[in-house]
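Pasting start-v3.txt here (compact mmCIF, C-alpha atoms):
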```txt
# COMPACT_ATOMS: atom_id res chain seq x y z
CA MET M 614 174.76 162.42 132.03
CA LEU M 615 175.94 159.11 130.91
CA PHE M 616 173.68 157.64 133.52
CA PHE M 617 170.81 159.56 132.07
CA ASP M 618 171.79 158.53 128.61
CA ILE M 619 172.13 154.96 129.77
CA PHE M 620 168.92 155.32 131.76
CA GLY M 621 167.33 156.83 128.70
CA ILE M 622 168.59 153.93 126.67
CA ILE M 623 167.33 151.54 129.28
CA ILE M 624 163.97 153.27 129.27
CA LEU M 625 164.06 153.32 125.53
CA GLY M 626 164.96 149.65 125.64
CA ASP M 627 161.96 148.92 127.88
CA ASP M 628 159.73 150.79 125.50
CA MET M 629 161.15 148.83 122.59
CA SER M 630 160.60 145.50 124.31
CA LYS M 631 157.13 146.65 125.38
CA SER M 632 156.49 147.74 121.80
CA LYS M 633 157.72 144.37 120.52
CA ASN M 634 155.42 142.62 123.00
CA ASP M 635 152.52 144.81 121.88
CA ILE M 636 153.21 143.98 118.23
CA PHE M 637 153.46 140.29 119.09
CA TYR M 638 150.14 140.38 120.97
CA LEU M 639 148.52 142.37 118.16
CA ILE M 640 149.65 139.76 115.60
CA VAL M 641 148.38 136.95 117.86
CA LEU M 642 145.05 138.81 118.27
CA ILE M 643 144.69 139.30 114.49
CA LEU M 644 145.49 135.63 113.82
CA THR M 645 143.00 134.60 116.51
CA ILE M 646 140.28 136.79 114.98
CA ILE M 647 141.02 135.41 111.50
CA THR M 648 140.90 131.83 112.83
CA LEU M 649 137.67 132.60 114.66
CA MET M 650 136.11 134.11 111.51
CA VAL M 651 137.16 131.13 109.38
CA GLY M 652 135.72 128.74 111.99
CA ILE M 653 132.42 130.63 112.26
CA THR M 654 132.10 130.86 108.46
CA PHE M 655 132.84 127.15 108.04
CA THR M 656 130.33 126.23 110.77
CA TYR M 657 127.64 128.48 109.27
CA PHE M 658 127.97 127.05 105.78
CA SER M 659 128.13 123.50 107.13
CA LEU M 660 124.87 124.03 109.03
CA VAL M 661 123.19 125.65 106.05
CA ALA M 662 124.23 122.80 103.77
CA LYS M 663 123.09 120.20 106.28
CA GLU M 664 119.76 122.00 106.79
CA LYS M 665 119.12 121.98 103.06
CA ASP M 666 119.83 118.27 102.86
CA ASP M 667 117.67 117.36 105.84
CA SER M 668 114.72 119.70 105.94
CA THR M 669 113.86 120.67 102.39
CA LYS M 670 112.82 117.37 100.97
CA VAL M 671 109.89 117.84 98.65
CA LYS M 672 107.68 114.90 97.92
CA THR M 673 105.27 115.25 95.07
CA GLY M 674 102.45 113.06 94.03
CA SER M 675 101.88 112.22 90.44
CA ILE M 676 98.73 111.49 88.54
CA ALA M 677 98.12 109.83 85.23
CA ILE M 678 95.10 110.53 83.07
CA ASN M 679 93.76 107.79 80.83
CA TYR M 680 91.31 109.12 78.27
CA ILE M 681 89.40 105.94 77.58
CA ASP M 682 87.57 107.53 74.64
CA GLY M 683 90.44 109.80 73.52
CA ALA M 684 91.77 113.10 74.90
CA SER M 685 89.78 115.64 72.91
CA ILE M 686 86.10 116.43 72.90
CA ASN M 687 84.99 116.82 69.33
CA SER M 688 81.28 116.73 68.81
CA ASN M 689 78.95 117.59 66.00
CA GLY M 690 75.59 116.19 65.10
CA LEU M 691 73.95 116.81 68.45
CA ILE M 692 70.20 117.31 68.28
CA PRO M 693 68.05 118.97 70.95
CA ARG M 694 66.91 116.71 73.77
CA LYS M 695 66.15 116.70 77.48
CA GLU M 696 68.79 115.53 79.95
CA PRO M 697 69.78 111.94 79.17
CA SER M 698 70.57 109.29 81.74
CA LEU M 699 74.03 107.78 82.05
CA GLY M 700 73.52 104.82 79.70
CA GLU M 701 71.78 106.65 76.83
CA ASN M 702 73.67 107.10 73.57
CA TYR M 703 71.15 108.81 71.27
CA ALA M 704 72.13 112.43 70.42
CA VAL M 705 74.55 112.47 73.32
CA TYR M 706 78.30 112.91 73.42
CA THR M 707 79.89 110.63 76.05
CA LYS M 708 83.51 110.79 77.21
CA ARG M 709 84.99 108.35 79.71
CA PHE M 710 88.29 108.97 81.46
CA ALA M 711 90.26 107.67 84.44
CA ILE M 712 92.64 109.49 86.77
CA SER M 713 95.26 107.42 88.62
CA SER M 714 97.52 108.38 91.51
CA SER M 715 100.98 106.94 91.98
CA GLY M 716 102.05 109.45 94.63
CA THR M 717 102.52 109.06 98.36
CA LEU M 718 99.80 111.53 99.38
CA ASP M 719 96.08 111.74 98.73
CA GLN M 720 95.05 114.48 96.33
CA THR M 721 92.05 116.62 95.52
CA LEU M 722 91.10 117.15 91.92
CA ASP M 723 89.51 120.04 90.08
CA ILE M 724 88.21 118.87 86.70
CA TYR M 725 87.54 121.37 83.91
CA ILE M 726 86.40 121.31 80.31
CA ASN M 727 88.56 123.75 78.37
CA VAL M 728 86.28 125.10 75.61
CA THR M 729 88.28 125.60 72.42
CA LYS M 730 85.39 126.11 70.02
CA ASN M 731 81.68 126.22 70.74
CA GLU M 732 79.39 127.29 67.91
CA PHE M 733 76.24 126.50 69.87
CA LEU M 734 74.22 129.18 71.59
CA ASN M 735 75.82 130.32 74.86
CA ASN M 736 74.83 127.81 77.56
CA GLY M 737 72.87 125.79 74.96
CA LEU M 738 75.07 122.77 75.62
CA LYS M 739 74.64 121.02 78.94
CA PHE M 740 76.86 118.54 80.74
CA ALA M 741 76.61 115.99 83.52
CA LEU M 742 79.57 114.32 85.24
CA TYR M 743 79.23 110.86 86.77
CA ASN M 744 81.61 108.83 88.92
CA SER M 745 82.31 105.10 88.58
CA ASN M 746 79.32 104.26 90.81
CA GLY M 747 76.97 105.96 88.34
CA SER M 748 76.28 108.82 90.76
CA LYS M 749 75.95 112.27 89.24
CA ILE M 750 78.65 114.56 90.66
CA SER M 751 77.68 117.73 88.86
CA SER M 752 75.78 119.20 85.93
CA GLY M 753 75.56 122.57 84.25
CA SER M 754 75.88 124.60 81.08
CA ILE M 755 78.82 125.06 78.72
CA PRO M 756 79.56 128.64 77.61
CA THR M 757 80.87 129.59 74.18
CA SER M 758 84.42 130.02 75.50
CA ASP M 759 86.58 129.68 78.63
CA LYS M 760 86.84 126.84 81.13
CA VAL M 761 83.94 125.06 82.75
CA LEU M 762 84.40 123.58 86.21
CA LEU M 763 82.98 120.06 86.19
CA ALA M 764 84.02 119.04 89.69
CA SER M 765 85.98 120.56 92.54
CA GLY M 766 87.59 118.83 95.51
CA GLU M 767 87.21 115.28 94.21
CA VAL M 768 89.43 113.12 96.44
CA LEU M 769 91.91 110.79 94.75
CA LYS M 770 93.43 108.36 97.25
CA THR M 771 97.03 107.18 97.01
CA ASN M 772 97.58 104.37 94.47
CA THR M 773 93.97 104.33 93.31
CA THR M 774 92.10 105.22 90.13
CA ASN M 775 88.95 107.32 89.86
CA TYR M 776 86.75 106.73 86.81
CA TYR M 777 84.49 109.43 85.38
CA THR M 778 82.01 109.82 82.55
CA VAL M 779 80.96 113.18 81.18
CA ILE M 780 77.84 113.49 79.03
CA ILE M 781 77.25 116.50 76.78
CA TRP M 782 73.96 117.22 75.01
CA LEU M 783 72.16 120.06 73.25
CA ASN M 784 69.41 121.14 75.59
CA ASP M 785 65.89 121.19 74.13
CA ASP M 786 64.47 124.57 75.10
CA GLY M 787 61.05 123.86 73.56
CA THR M 788 61.56 126.17 70.55
CA ASN M 789 62.68 125.57 66.98
CA GLN M 790 66.44 125.08 67.25
CA ASN M 791 67.21 124.51 63.57
CA TYR M 792 69.77 127.34 63.76
CA GLU M 793 71.94 124.96 65.82
CA MET M 794 72.18 122.42 62.96
CA SER M 795 75.77 121.61 61.86
CA ASN M 796 77.27 123.58 64.77
CA SER M 797 80.19 121.94 66.50
CA PHE M 798 81.87 121.89 69.87
CA VAL M 799 85.59 121.23 70.46
CA GLY M 800 87.34 121.15 73.81
CA GLY M 801 89.54 119.17 76.15
CA PHE M 802 90.02 118.41 79.80
CA ASP M 803 92.16 120.26 82.33
CA ILE M 804 92.71 118.49 85.61
CA ASN M 805 94.40 120.23 88.52
CA ALA M 806 95.57 118.15 91.47
CA GLN M 807 96.59 119.35 94.91
CA GLN M 808 98.07 117.14 97.59
CA LEU M 809 96.21 116.81 100.85
CA ARG M 810 98.14 117.47 104.03
CA TYR M 811 96.97 115.68 107.11
CA GLN M 812 97.70 117.28 110.44
```

Using C-alpha cells, write down the structure that the file contains.
Amino acid sequence: MLFFDIFGIIILGDDMSKSKNDIFYLIVLILTIITLMVGITFTYFSLVAKEKDDSTKVKTGSIAINYIDGASINSNGLIPRKEPSLGENYAVYTKRFAISSSGTLDQTLDIYINVTKNEFLNNGLKFALYNSNGSKISSGSIPTSDKVLLASGEVLKTNTTNYYTVIIWLNDDGTNQNYEMSNSFVGGFDINAQQLRYQ
C-alpha cells in the first residue's frame, strides 16, 4: 500500500511536473503571440506611415488672374449696334485680362461671366472673346442671370500667361430699342482651371 501511495505520489509528482511544464509552455506561447502581435502591428503602422509619406504627394498648379481693366464688369450706356471688331470702342464694353500659371503642370481653363445684374432684354447683350493674337475664340448671348461660358478647354502652359479680351455690346435687332435706355449690366469673371495629366 505504501508502494501504491508512493507510486501514486510519484505519478502525482509526474503529473505535477507535466502540469508545470504545460503552464511554462503556455506562458511561453502567450508571450510569443503577444510579441508576434506587437511586431505585426508595428510593421503595419510603419508601412502605412511610409506609404503616406512616399505615395500621396499632391502637386497643385496655381494660376494668377490679372484684370488689366479691373475685376468687375460694370456697364451702362450701351447703345444698339452690330457686332464690333476687336479694336472698336464706340458703344462697346471692353475688358482685358491675363491668366498666368506658376504651377508645374499645364492646365485647361473654363472661362465664365458670372451675371450679377442684367437689366437688358434676355440675350439682348452679346459677347465675343479674343485671345492675344486677335483671334476670336467664342461669341454668344448673355442671359439675364446665371453664368455664361465664354471658353472651355483653353490650354494654359506651365509658366506662361494667356491674354484675353472680352467685348460686350447691345445687339441691334433692327427695331426701336429705346426701352433698353439706361439699363445696366453688372458681372464678373469665374475661371476654373484643371491640371492636364500626360500619360

Write out, as a Markdown table, each residue of stretch 718-753 of chain M that has an atom at most 6 Å from stretch 780-799 of chain M, together with the closest pair of atoms and their distance in Å to one decimal, counting all atoms listed in the file, rows going by chain and rising number.
```
| residue | atom | partner | partner_atom | distance |
| --- | --- | --- | --- | --- |
| M:Thr729 | CA | M:Val799 | CA | 5.5 |
| M:Lys730 | CA | M:Val799 | CA | 4.9 |
| M:Asn731 | CA | M:Phe798 | CA | 4.4 |
| M:Glu732 | CA | M:Asn796 | CA | 5.3 |
| M:Phe733 | CA | M:Asn796 | CA | 6.0 |
| M:Gly737 | CA | M:Asn784 | CA | 5.8 |
| M:Leu738 | CA | M:Leu783 | CA | 4.6 |
| M:Lys739 | CA | M:Trp782 | CA | 5.5 |
| M:Phe740 | CA | M:Ile781 | CA | 4.5 |
| M:Ala741 | CA | M:Ile780 | CA | 5.3 |
```

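Here atom CA of M:Ala764 stands at a distance of 25.5 Å from atom CA of M:Ile692.
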
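The nearest approach to M:Gly716 among the residues M:Leu639, M:Leu742, M:Met650, M:Ala806, with all atoms listed in the file taken into account, belongs to M:Ala806.
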
Have a look at atom CA of M:Lys760 and atom CA of M:Asp719 and let me know their distance in Å, one decimal. 25.0 Å

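Relative to atom CA of M:Ile712, atom CA of M:Lys770 is found at 10.6 Å.
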
Give me the residues near M:Ser748 as a list in words, where near means some atom within 12 Å (using only C-alpha atoms) and where sequence neighbours in that chain fewer than 2 positions away do not count. Ser698, Leu699, Ala741, Leu742, Tyr743, Asn744, Ser745, Asn746, Ile750, Ser751, Ser752, Tyr776, Tyr777, Thr778 and Val779 of chain M

Could you write those residues out with C-alpha atoms, as a compact mmCIF listing (two decimals), in the coordinates of the input?
```txt
# COMPACT_ATOMS: atom_id res chain seq x y z
CA SER M 698 70.57 109.29 81.74
CA LEU M 699 74.03 107.78 82.05
CA ALA M 741 76.61 115.99 83.52
CA LEU M 742 79.57 114.32 85.24
CA TYR M 743 79.23 110.86 86.77
CA ASN M 744 81.61 108.83 88.92
CA SER M 745 82.31 105.10 88.58
CA ASN M 746 79.32 104.26 90.81
CA ILE M 750 78.65 114.56 90.66
CA SER M 751 77.68 117.73 88.86
CA SER M 752 75.78 119.20 85.93
CA TYR M 776 86.75 106.73 86.81
CA TYR M 777 84.49 109.43 85.38
CA THR M 778 82.01 109.82 82.55
CA VAL M 779 80.96 113.18 81.18
```

Need the neighbours of (83.8, 104.8, 75.4): which residues are at most 9 Å away, counting only C-alpha atoms, as a ChimeraX atom specification? /M:681-683,707-710,778

For stretch 710-721 of chain M, where the input has fewer atoms than it should, I would like N, CA and C atoms rebuilt and written as a PDB file, in the frame of the given file.
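Contents of selection_21.pdb, as written:
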```pdb
ATOM      1  N   PHE M 710      86.870 108.797  81.169  1.00  0.00           N
ATOM      2  CA  PHE M 710      88.290 108.970  81.460  1.00  0.00           C
ATOM      3  C   PHE M 710      88.569 108.493  82.882  1.00  0.00           C
ATOM      4  N   ALA M 711      89.827 108.170  83.128  1.00  0.00           N
ATOM      5  CA  ALA M 711      90.260 107.670  84.440  1.00  0.00           C
ATOM      6  C   ALA M 711      91.457 108.495  84.902  1.00  0.00           C
ATOM      7  N   ILE M 712      91.522 108.753  86.192  1.00  0.00           N
ATOM      8  CA  ILE M 712      92.640 109.490  86.770  1.00  0.00           C
ATOM      9  C   ILE M 712      93.253 108.599  87.846  1.00  0.00           C
ATOM     10  N   SER M 713      94.552 108.314  87.699  1.00  0.00           N
ATOM     11  CA  SER M 713      95.260 107.420  88.620  1.00  0.00           C
ATOM     12  C   SER M 713      96.301 108.185  89.408  1.00  0.00           C
ATOM     13  N   SER M 714      96.500 107.773  90.657  1.00  0.00           N
ATOM     14  CA  SER M 714      97.520 108.380  91.510  1.00  0.00           C
ATOM     15  C   SER M 714      98.609 107.366  91.790  1.00  0.00           C
ATOM     16  N   SER M 715      99.860 107.795  91.605  1.00  0.00           N
ATOM     17  CA  SER M 715     100.980 106.940  91.980  1.00  0.00           C
ATOM     18  C   SER M 715     101.848 107.653  93.014  1.00  0.00           C
ATOM     19  N   GLY M 716     101.306 108.675  93.636  1.00  0.00           N
ATOM     20  CA  GLY M 716     102.050 109.450  94.630  1.00  0.00           C
ATOM     21  C   GLY M 716     101.943 108.843  96.010  1.00  0.00           C
ATOM     22  N   THR M 717     102.521 109.542  96.972  1.00  0.00           N
ATOM     23  CA  THR M 717     102.520 109.060  98.360  1.00  0.00           C
ATOM     24  C   THR M 717     101.487 109.788  99.210  1.00  0.00           C
ATOM     25  N   LEU M 718     100.806 110.777  98.637  1.00  0.00           N
ATOM     26  CA  LEU M 718      99.800 111.530  99.380  1.00  0.00           C
ATOM     27  C   LEU M 718      98.480 111.522  98.623  1.00  0.00           C
ATOM     28  N   ASP M 719      97.385 111.587  99.361  1.00  0.00           N
ATOM     29  CA  ASP M 719      96.080 111.740  98.730  1.00  0.00           C
ATOM     30  C   ASP M 719      96.010 113.113  98.075  1.00  0.00           C
ATOM     31  N   GLN M 720      95.149 113.233  97.080  1.00  0.00           N
ATOM     32  CA  GLN M 720      95.050 114.480  96.330  1.00  0.00           C
ATOM     33  C   GLN M 720      93.590 114.867  96.143  1.00  0.00           C
ATOM     34  N   THR M 721      93.360 116.157  95.946  1.00  0.00           N
ATOM     35  CA  THR M 721      92.050 116.620  95.520  1.00  0.00           C
ATOM     36  C   THR M 721      92.164 117.067  94.074  1.00  0.00           C
TER      37      THR M 721
END
```
